[in-house]
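Participant: Following this line is input-v9.txt, made up of compact mmCIF, C-alpha atoms:
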```
# COMPACT_ATOMS: atom_id res chain seq x y z
CA MET I 8 -13.07 7.02 1.31
CA SER I 9 -10.36 4.53 2.26
CA LEU I 10 -7.37 3.71 0.08
CA GLU I 11 -8.85 0.25 -0.55
CA GLU I 12 -12.07 1.78 -1.85
CA LEU I 13 -10.17 4.25 -3.99
CA VAL I 14 -7.99 1.54 -5.53
CA ASP I 15 -10.93 -0.82 -6.09
CA ASN I 16 -12.37 1.81 -8.44
CA SER I 17 -9.23 1.89 -10.58
CA LYS I 18 -7.38 -0.51 -12.86
CA THR I 19 -4.57 -1.65 -10.58
CA ASP I 20 -3.46 -4.78 -8.79
CA LYS I 21 -2.59 -2.88 -5.61
CA ASN I 22 -5.42 -4.43 -3.58
CA THR I 23 -4.53 -8.08 -4.06
CA LYS I 24 -2.49 -10.61 -2.08
CA HIS I 25 0.57 -8.30 -2.04
CA SER I 26 -1.34 -5.23 -0.88
CA TYR I 27 0.34 -2.68 1.35
CA LEU I 28 -2.79 -0.50 1.41
CA PRO I 29 -3.70 -1.17 5.07
CA LEU I 30 -0.18 -0.12 6.10
CA TYR I 31 -0.24 2.93 3.83
CA GLN I 32 -3.67 3.88 5.21
CA LYS I 33 -2.32 3.82 8.76
CA LEU I 34 0.92 5.66 7.95
CA LEU I 35 -0.72 8.37 5.85
CA GLU I 36 -4.01 8.95 7.67
CA ASN I 37 -2.83 12.14 9.39
CA LYS I 38 -1.58 13.55 6.06
CA ARG I 39 -4.81 12.96 4.15
CA GLU I 40 -5.71 16.64 3.80
CA THR I 41 -2.23 17.89 2.86
CA THR I 42 -0.85 15.11 0.64
CA ARG I 43 -1.82 15.26 -3.03
CA ILE I 44 0.56 12.78 -4.66
CA VAL I 45 1.97 9.49 -3.41
CA LEU I 46 4.54 7.63 -5.50
CA GLU I 47 5.13 3.95 -4.84
CA ILE I 48 8.24 2.44 -6.38
CA GLY I 49 8.57 -1.33 -6.40
CA ILE I 50 10.41 -4.08 -8.19
CA GLY I 51 7.38 -6.05 -9.35
CA ASP I 52 7.85 -9.74 -10.03
CA PHE I 53 11.61 -9.41 -10.01
CA GLY I 54 11.64 -9.80 -6.21
CA GLU I 55 10.79 -13.48 -6.59
CA LYS I 56 13.72 -14.02 -8.94
CA MET I 57 16.35 -12.17 -6.93
CA GLU I 58 18.85 -14.04 -4.81
CA VAL I 59 20.50 -12.75 -1.68
CA VAL I 60 24.27 -12.98 -2.08
```
In structure tokens, how does this file's structure come out?
Facilitator:
Amino acid sequence: MSLEELVDNSKTDKNTKHSYLPLYQKLLENKRETTRIVLEIGIGDFGEKMEVV
């Protein structure tokens, strides 16, 4: 099962226009059997409101 398929069966917005799932799939494919937990930390909608100083 791909990450996209896994996420599509859950209540998350992680497979929408801002999806990083294809990248995560590629980066983590060789760790599939040994990795049990993946934590993604983001800033949500605040990224649109932030200014670079």
Participant: At what distance in Å, to one decimal, does atom CA of I:Asn22 lie from atom CA of I:Arg43?
Facilitator: 20.0 Å
Participant: Smallest atom-to-atom distance to I:Gln32: which of I:Ile44, I:Gly49, I:Asp20, I:Leu10, using all atoms listed in the file?
Facilitator: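 Of all the options, I:Leu10 lies closest to I:Gln32.
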Participant: As JSON, please: the centre and edge lengths in Å, to one decimal, of an axis-aligned box enclosing every listed atom of stretch 26-39 of chain I with 4 Å added on each side.
Facilitator:
```
{"center_x": -1.9, "center_y": 4.2, "center_z": 4.3, "size_x": 13.7, "size_y": 26.8, "size_z": 18.3}
```
Participant: Which distance in Å separates atom CA of I:Ser9 and atom CA of I:Leu35, to one decimal?
Facilitator: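 It comes out at 11.0 Å.
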Participant: Using Å and a single decimal, report how far atom CA of I:Lys24 sits from atom CA of I:Thr41.
Facilitator: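 About the pair atom CA of I:Thr41 and atom CA of I:Lys24: they are 28.9 Å apart.
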Participant: Measuring atom to atom with all atoms listed in the file, identify which of I:Leu34, I:Leu28, I:Val45, I:Ile50 is nearest to I:Glu12.
Facilitator: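 Between I:Leu34, I:Leu28, I:Val45, I:Ile50, the residue approaching I:Glu12 most closely is I:Leu28.
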